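Each remark here refers to the structure printed beneath this line.
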Amino acid sequence: MRPMSETKRYSVAAEAIEQHREQLLAFVNVDVLNLRRAINALVARLRVKGLDDDDWPPDWRKELEWATEHGERRVCEHMTISLCAGLEVFMEDVFVSTCLAVPPTNEKFRSVKVAITDFMSLSDAERYRALWNDFHLKQPPVDRCDSIFGLLGIKVDIPPLDEALKAVYPNRLDNATTRAFLREMQAVRNALLHRRKADTRLAEVAPARYPLGESITVTDEAITDYGIAVHTYAGALGFAALEFLAAHEPPRDNAARPPDAD
């Protein structure tokens with residue numbers, strides 16, 4: 001099998017990053033949004049018409065009772081967990097795609113301990129995935145992502161909002177708000193999977209929404225904030241990675257070859 005040319009390697013990495021970004025944004029904009037609307041519409045209908053006035057099959061009663069009593073809240077909780085997972089997988093995929101085109105040189109990557117017997121049996125992509133997962137930093141995932149990509153030379157920058165941008169994208173978030181919502185979302189996810197009550201970390205990042213020790217209720221407003229933050233950060237990370245690849249891509253040789261001498 002012929003080795004991939006350097007130019008082709010950069011092109012493949014850029015295409016992969018764009019594909020990963022489109023998959024994540026489709027998940028946020030289509031799947032999460034439509035699921036939330038569907039459960040809200042179902043619950044509204046059940047509350048108005050009742051469980052018995054719509055000829056529902058008898059074996060659906062328990063599920064419909066669950067929907068009216070717990071559905072909206074529980075769906076928002078599962079959406080929070082899914083949004084976190086989707087963003088974290090996207091971060092990892094962008095890291096792997098970038099490293100396949102521009103192998104990392106920062107000495108801090110050499111400090112990551114991976115068993116040599118395991119490492120040698122992996123493909124290049126699997127090695128970078130192992131590097132990402134074994135790079136331990138005691139930070140929320142968004143800050144961990146900023147730190148690791150910073151070691152590659154990639155700064156995830158969300159530009160300031162101006163009036164023109166707000167007019168076109170009224171839901172757009174600025175840099176500080178995006179990261180604040182992502183830290184909150186990730187703290188909510190962790191608390192939900194542990195005790196379902198607001199722990200110290202969550203209460204520190206969002207005391208108004210999640211007072212310390214109280215049961216967690218993820219509202220529609222919170223899910224909207226988290227979805228927009230994921231959308232904004234993923235776009236910024238994808239753009240920064242593509243700019244990085246463009247800056248490191250070798251120049252293409254487009255000069256016409258001279259005619260063969262007679």
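By order of appearance in the structure tokens: chains A, B, ..., then residues from 1 within every chain, and ligands from 1 in the order shown.
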Write out as an MDAnalysis selection string each polymer residue whose atoms come within 7 Å of segment 138-152 of chain A, counting only C-alpha atoms; drop sequence neighbours fewer than 4 positions from it.
-> chainID A and resid 91 104 106 156 182:183
Skip Glu18 of chain A itself and residues of its chain fewer than 6 positions away, then list as a list in words all residues within 12 Å of it, counting only C-alpha atoms.
-> Ser11, Val12, Leu24, Leu25, Phe90, Asp93, Val94, Ser97, Thr98, Ala234, Gly235, Ala236, Leu237, Gly238, Phe239, Ala240, Ala241 and Leu242 of chain A
Can I get the selected residues back with C-alpha atoms, as a PDB file, in the first residue's frame?
ATOM      1  CA  SER A  11      -6.788  17.140   3.178  1.00  0.00           C
ATOM      2  CA  VAL A  12      -8.071  13.956   4.840  1.00  0.00           C
ATOM      3  CA  LEU A  24     -22.283  16.896  16.242  1.00  0.00           C
ATOM      4  CA  LEU A  25     -24.270  19.920  15.083  1.00  0.00           C
ATOM      5  CA  PHE A  90     -16.013  15.630  19.078  1.00  0.00           C
ATOM      6  CA  ASP A  93     -11.987  13.213  17.177  1.00  0.00           C
ATOM      7  CA  VAL A  94     -10.642  16.661  16.254  1.00  0.00           C
ATOM      8  CA  SER A  97      -7.528  14.076  13.100  1.00  0.00           C
ATOM      9  CA  THR A  98      -5.201  17.016  13.746  1.00  0.00           C
ATOM     10  CA  ALA A 234     -17.721  23.086  18.452  1.00  0.00           C
ATOM     11  CA  GLY A 235     -17.776  25.619  15.641  1.00  0.00           C
ATOM     12  CA  ALA A 236     -14.881  27.568  17.162  1.00  0.00           C
ATOM     13  CA  LEU A 237     -12.800  24.434  17.781  1.00  0.00           C
ATOM     14  CA  GLY A 238     -13.427  23.093  14.278  1.00  0.00           C
ATOM     15  CA  PHE A 239     -12.515  26.444  12.700  1.00  0.00           C
ATOM     16  CA  ALA A 240      -9.354  26.776  14.810  1.00  0.00           C
ATOM     17  CA  ALA A 241      -8.228  23.247  13.885  1.00  0.00           C
ATOM     18  CA  LEU A 242      -8.826  23.893  10.171  1.00  0.00           C
TER      19      LEU A 242
END
Which neighbours of segment 206-218 of chain A fall inside 12 Å, counting only C-alpha atoms, when residues of the same chain fewer than 6 positions from it are skipped, and could you give them as a short mmCIF file (atom, residue, chain, number, x, y, z; two decimals) with all heavy atoms, in the first residue's frame?
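To be explicit, this is the file written out as result14.cif:
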data_model
loop_
_atom_site.label_atom_id
_atom_site.label_comp_id
_atom_site.auth_asym_id
_atom_site.auth_seq_id
_atom_site.Cartn_x
_atom_site.Cartn_y
_atom_site.Cartn_z
N HIS A 70 -42.99 12.70 34.95
CA HIS A 70 -41.53 12.85 35.01
C HIS A 70 -40.87 13.15 33.66
O HIS A 70 -39.70 13.50 33.62
CB HIS A 70 -40.89 11.55 35.55
CG HIS A 70 -41.50 11.03 36.80
ND1 HIS A 70 -41.33 11.65 38.02
CD2 HIS A 70 -42.28 9.95 37.04
CE1 HIS A 70 -41.98 10.97 38.96
NE2 HIS A 70 -42.56 9.93 38.38
N GLY A 71 -41.62 12.98 32.57
CA GLY A 71 -41.01 12.94 31.24
C GLY A 71 -40.17 14.14 30.88
O GLY A 71 -39.01 14.00 30.48
N GLU A 72 -40.74 15.36 30.98
CA GLU A 72 -40.01 16.55 30.55
C GLU A 72 -38.71 16.71 31.34
O GLU A 72 -37.65 17.00 30.78
CB GLU A 72 -40.89 17.79 30.71
CG GLU A 72 -42.04 17.84 29.71
CD GLU A 72 -43.01 18.96 30.01
OE1 GLU A 72 -43.45 19.07 31.18
OE2 GLU A 72 -43.34 19.70 29.08
N ARG A 73 -38.81 16.51 32.65
CA ARG A 73 -37.61 16.68 33.50
C ARG A 73 -36.56 15.62 33.18
O ARG A 73 -35.39 15.94 33.02
CB ARG A 73 -38.02 16.59 34.98
CG ARG A 73 -36.83 16.67 35.95
CD ARG A 73 -37.33 16.76 37.38
NE ARG A 73 -38.19 15.66 37.75
CZ ARG A 73 -37.72 14.48 38.18
NH1 ARG A 73 -36.42 14.26 38.26
NH2 ARG A 73 -38.55 13.51 38.52
N ARG A 74 -36.99 14.38 33.07
CA ARG A 74 -36.03 13.30 32.84
C ARG A 74 -35.41 13.39 31.45
O ARG A 74 -34.22 13.10 31.27
CB ARG A 74 -36.71 11.95 33.03
CG ARG A 74 -37.14 11.68 34.45
CD ARG A 74 -35.95 11.47 35.37
NE ARG A 74 -35.35 10.16 35.18
CZ ARG A 74 -34.07 9.87 35.44
NH1 ARG A 74 -33.26 10.81 35.88
NH2 ARG A 74 -33.62 8.65 35.25
N VAL A 75 -36.20 13.78 30.46
CA VAL A 75 -35.65 13.93 29.11
C VAL A 75 -34.58 15.03 29.10
O VAL A 75 -33.53 14.89 28.47
CB VAL A 75 -36.77 14.21 28.10
CG1 VAL A 75 -36.19 14.73 26.78
CG2 VAL A 75 -37.56 12.94 27.83
N CYS A 76 -34.83 16.12 29.80
CA CYS A 76 -33.82 17.19 29.87
C CYS A 76 -32.53 16.69 30.54
O CYS A 76 -31.43 17.07 30.15
CB CYS A 76 -34.37 18.39 30.63
SG CYS A 76 -35.53 19.39 29.68
N GLU A 77 -32.67 15.83 31.54
CA GLU A 77 -31.49 15.28 32.20
C GLU A 77 -30.69 14.41 31.23
O GLU A 77 -29.46 14.52 31.15
CB GLU A 77 -31.92 14.47 33.42
CG GLU A 77 -32.51 15.32 34.54
CD GLU A 77 -33.08 14.48 35.67
OE1 GLU A 77 -32.91 13.24 35.63
OE2 GLU A 77 -33.68 15.06 36.59
N HIS A 78 -31.39 13.54 30.50
CA HIS A 78 -30.69 12.68 29.54
C HIS A 78 -30.08 13.49 28.40
O HIS A 78 -29.02 13.14 27.88
CB HIS A 78 -31.66 11.62 29.00
CG HIS A 78 -31.94 10.53 29.98
ND1 HIS A 78 -31.02 9.56 30.30
CD2 HIS A 78 -33.04 10.26 30.73
CE1 HIS A 78 -31.53 8.73 31.20
NE2 HIS A 78 -32.76 9.14 31.47
N MET A 79 -30.74 14.58 28.01
CA MET A 79 -30.17 15.45 26.98
C MET A 79 -28.87 16.08 27.45
O MET A 79 -27.91 16.20 26.70
CB MET A 79 -31.17 16.55 26.63
CG MET A 79 -32.34 16.09 25.80
SD MET A 79 -33.49 17.46 25.52
CE MET A 79 -34.74 16.62 24.56
N THR A 80 -28.84 16.49 28.72
CA THR A 80 -27.61 17.08 29.27
C THR A 80 -26.46 16.09 29.20
O THR A 80 -25.35 16.43 28.78
CB THR A 80 -27.84 17.51 30.73
OG1 THR A 80 -28.92 18.44 30.78
CG2 THR A 80 -26.59 18.14 31.31
N ILE A 81 -26.73 14.85 29.60
CA ILE A 81 -25.69 13.81 29.54
C ILE A 81 -25.25 13.57 28.11
O ILE A 81 -24.05 13.43 27.81
CB ILE A 81 -26.23 12.52 30.19
CG1 ILE A 81 -26.49 12.75 31.69
CG2 ILE A 81 -25.26 11.36 30.00
CD1 ILE A 81 -27.30 11.65 32.36
N ALA A 180 -18.71 29.22 30.41
CA ALA A 180 -19.45 29.12 31.69
C ALA A 180 -20.58 28.10 31.57
O ALA A 180 -20.78 27.26 32.46
CB ALA A 180 -19.99 30.49 32.09
N PHE A 181 -21.33 28.14 30.47
CA PHE A 181 -22.42 27.18 30.28
C PHE A 181 -21.89 25.75 30.11
O PHE A 181 -22.50 24.79 30.59
CB PHE A 181 -23.27 27.57 29.08
CG PHE A 181 -24.26 28.67 29.35
CD1 PHE A 181 -24.63 29.55 28.34
CD2 PHE A 181 -24.85 28.82 30.60
CE1 PHE A 181 -25.55 30.56 28.57
CE2 PHE A 181 -25.76 29.83 30.84
CZ PHE A 181 -26.12 30.71 29.82
N LEU A 182 -20.75 25.61 29.45
CA LEU A 182 -20.18 24.27 29.27
C LEU A 182 -19.70 23.70 30.60
O LEU A 182 -19.90 22.52 30.89
CB LEU A 182 -19.05 24.29 28.26
CG LEU A 182 -19.45 24.57 26.81
CD1 LEU A 182 -18.23 24.58 25.90
CD2 LEU A 182 -20.49 23.57 26.31
N ARG A 183 -19.08 24.52 31.43
CA ARG A 183 -18.66 24.04 32.75
C ARG A 183 -19.88 23.67 33.58
O ARG A 183 -19.87 22.67 34.31
CB ARG A 183 -17.84 25.12 33.46
CG ARG A 183 -16.50 25.43 32.81
CD ARG A 183 -15.69 26.41 33.63
NE ARG A 183 -14.55 26.89 32.86
CZ ARG A 183 -14.45 28.12 32.34
NH1 ARG A 183 -15.44 28.99 32.53
NH2 ARG A 183 -13.40 28.47 31.64
N GLU A 184 -20.93 24.48 33.49
CA GLU A 184 -22.16 24.17 34.21
C GLU A 184 -22.77 22.86 33.71
O GLU A 184 -23.14 21.99 34.51
CB GLU A 184 -23.16 25.32 34.01
CG GLU A 184 -24.51 25.07 34.65
CD GLU A 184 -25.49 26.20 34.36
OE1 GLU A 184 -25.08 27.38 34.35
OE2 GLU A 184 -26.68 25.89 34.12
N MET A 185 -22.86 22.70 32.40
CA MET A 185 -23.43 21.48 31.83
C MET A 185 -22.67 20.24 32.27
O MET A 185 -23.26 19.22 32.64
CB MET A 185 -23.42 21.59 30.30
CG MET A 185 -23.91 20.35 29.57
SD MET A 185 -23.75 20.50 27.76
CE MET A 185 -21.95 20.35 27.57
N GLN A 186 -21.35 20.33 32.25
CA GLN A 186 -20.53 19.18 32.62
C GLN A 186 -20.65 18.88 34.12
O GLN A 186 -20.64 17.72 34.54
CB GLN A 186 -19.09 19.43 32.18
CG GLN A 186 -18.96 19.36 30.67
CD GLN A 186 -17.84 20.22 30.09
OE1 GLN A 186 -17.25 21.07 30.76
NE2 GLN A 186 -17.53 19.99 28.82
N ALA A 187 -20.80 19.92 34.93
CA ALA A 187 -21.00 19.71 36.37
C ALA A 187 -22.38 19.11 36.63
O ALA A 187 -22.54 18.26 37.52
CB ALA A 187 -20.84 21.03 37.12
N VAL A 188 -23.38 19.53 35.88
CA VAL A 188 -24.72 18.93 36.00
C VAL A 188 -24.67 17.46 35.65
O VAL A 188 -25.23 16.60 36.35
CB VAL A 188 -25.73 19.67 35.09
CG1 VAL A 188 -27.05 18.90 35.03
CG2 VAL A 188 -25.97 21.08 35.60
N ARG A 189 -24.00 17.13 34.54
CA ARG A 189 -23.89 15.73 34.13
C ARG A 189 -23.28 14.88 35.24
O ARG A 189 -23.80 13.81 35.57
CB ARG A 189 -23.03 15.65 32.86
CG ARG A 189 -22.90 14.26 32.21
CD ARG A 189 -21.71 13.46 32.71
NE ARG A 189 -20.47 14.16 32.66
CZ ARG A 189 -19.66 14.19 31.61
NH1 ARG A 189 -19.99 13.53 30.52
NH2 ARG A 189 -18.51 14.86 31.66
N ASN A 190 -22.20 15.35 35.81
CA ASN A 190 -21.53 14.57 36.87
C ASN A 190 -22.43 14.40 38.09
O ASN A 190 -22.53 13.30 38.66
CB ASN A 190 -20.23 15.27 37.28
CG ASN A 190 -19.18 15.21 36.18
OD1 ASN A 190 -19.28 14.41 35.25
ND2 ASN A 190 -18.18 16.08 36.27
N ALA A 191 -23.11 15.48 38.48
CA ALA A 191 -23.97 15.40 39.65
C ALA A 191 -25.17 14.49 39.40
O ALA A 191 -25.58 13.74 40.29
CB ALA A 191 -24.45 16.81 40.04
N LEU A 192 -25.72 14.53 38.19
CA LEU A 192 -26.84 13.65 37.85
C LEU A 192 -26.44 12.18 37.95
O LEU A 192 -27.22 11.33 38.40
CB LEU A 192 -27.34 13.94 36.43
CG LEU A 192 -28.19 15.20 36.24
CD1 LEU A 192 -28.42 15.45 34.76
CD2 LEU A 192 -29.52 15.08 36.99
N LEU A 193 -25.23 11.87 37.51
CA LEU A 193 -24.79 10.48 37.48
C LEU A 193 -24.31 9.99 38.85
O LEU A 193 -24.05 8.80 39.01
CB LEU A 193 -23.68 10.31 36.45
CG LEU A 193 -24.11 10.50 34.99
CD1 LEU A 193 -22.92 10.43 34.05
CD2 LEU A 193 -25.17 9.48 34.59
N HIS A 194 -24.19 10.90 39.80
CA HIS A 194 -23.77 10.50 41.15
C HIS A 194 -24.97 10.46 42.10
O HIS A 194 -25.55 9.42 42.31
CB HIS A 194 -22.68 11.44 41.67
CG HIS A 194 -21.36 11.24 40.98
ND1 HIS A 194 -20.59 10.11 41.14
CD2 HIS A 194 -20.67 12.03 40.10
CE1 HIS A 194 -19.49 10.19 40.40
NE2 HIS A 194 -19.52 11.35 39.75
N ARG A 195 -25.37 11.60 42.63
CA ARG A 195 -26.40 11.59 43.68
C ARG A 195 -27.68 12.30 43.25
O ARG A 195 -28.63 12.37 44.01
CB ARG A 195 -25.85 12.25 44.94
CG ARG A 195 -24.66 11.51 45.54
CD ARG A 195 -24.18 12.18 46.81
NE ARG A 195 -25.23 12.29 47.81
CZ ARG A 195 -25.54 13.41 48.45
NH1 ARG A 195 -24.89 14.52 48.20
NH2 ARG A 195 -26.50 13.42 49.36
N ARG A 196 -27.70 12.88 42.03
CA ARG A 196 -28.86 13.62 41.53
C ARG A 196 -29.16 14.86 42.38
O ARG A 196 -30.27 15.39 42.35
CB ARG A 196 -30.09 12.72 41.44
CG ARG A 196 -29.93 11.51 40.55
CD ARG A 196 -31.21 10.70 40.43
NE ARG A 196 -32.29 11.52 39.93
CZ ARG A 196 -32.44 11.86 38.64
NH1 ARG A 196 -31.56 11.45 37.75
NH2 ARG A 196 -33.44 12.61 38.26
N LYS A 197 -28.16 15.30 43.13
CA LYS A 197 -28.29 16.54 43.89
C LYS A 197 -27.09 17.42 43.57
O LYS A 197 -26.02 16.94 43.20
CB LYS A 197 -28.35 16.25 45.39
CG LYS A 197 -29.62 15.55 45.82
CD LYS A 197 -29.68 15.41 47.33
CE LYS A 197 -31.00 14.74 47.75
NZ LYS A 197 -31.10 14.62 49.23
N ALA A 198 -27.28 18.71 43.72
CA ALA A 198 -26.21 19.66 43.41
C ALA A 198 -25.06 19.51 44.40
O ALA A 198 -25.25 19.67 45.61
CB ALA A 198 -26.76 21.08 43.44
N ASP A 199 -23.88 19.17 43.88
CA ASP A 199 -22.71 19.06 44.74
C ASP A 199 -21.98 20.40 44.77
O ASP A 199 -22.43 21.40 44.20
CB ASP A 199 -21.80 17.94 44.24
CG ASP A 199 -21.38 18.10 42.78
OD1 ASP A 199 -21.52 19.22 42.22
OD2 ASP A 199 -20.92 17.11 42.18
N THR A 200 -20.83 20.41 45.44
CA THR A 200 -20.11 21.68 45.63
C THR A 200 -19.69 22.30 44.31
O THR A 200 -19.84 23.51 44.09
CB THR A 200 -18.87 21.43 46.51
OG1 THR A 200 -19.28 20.87 47.76
CG2 THR A 200 -18.13 22.74 46.76
N THR A 224 -31.52 24.76 26.42
CA THR A 224 -31.27 25.68 25.31
C THR A 224 -29.89 26.32 25.45
O THR A 224 -29.12 26.40 24.49
CB THR A 224 -32.35 26.77 25.26
OG1 THR A 224 -33.62 26.16 25.05
CG2 THR A 224 -32.08 27.76 24.12
N ASP A 225 -29.56 26.77 26.65
CA ASP A 225 -28.24 27.38 26.90
C ASP A 225 -27.13 26.37 26.61
O ASP A 225 -26.12 26.71 25.97
CB ASP A 225 -28.14 27.85 28.34
CG ASP A 225 -29.03 29.05 28.64
OD1 ASP A 225 -29.42 29.74 27.69
OD2 ASP A 225 -29.34 29.28 29.83
N TYR A 226 -27.30 25.13 27.07
CA TYR A 226 -26.25 24.13 26.86
C TYR A 226 -26.10 23.80 25.38
O TYR A 226 -24.98 23.65 24.88
CB TYR A 226 -26.58 22.85 27.64
CG TYR A 226 -26.75 23.04 29.14
CD1 TYR A 226 -27.47 22.12 29.89
CD2 TYR A 226 -26.22 24.15 29.79
CE1 TYR A 226 -27.64 22.29 31.27
CE2 TYR A 226 -26.39 24.32 31.16
CZ TYR A 226 -27.11 23.39 31.89
OH TYR A 226 -27.28 23.57 33.24
#
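Considering the residues A:Leu51, A:Thr178, A:Leu83, A:Phe27 and counting only C-alpha atoms, Glu63 of chain A has its shortest atom-to-atom contact with A:Leu51.
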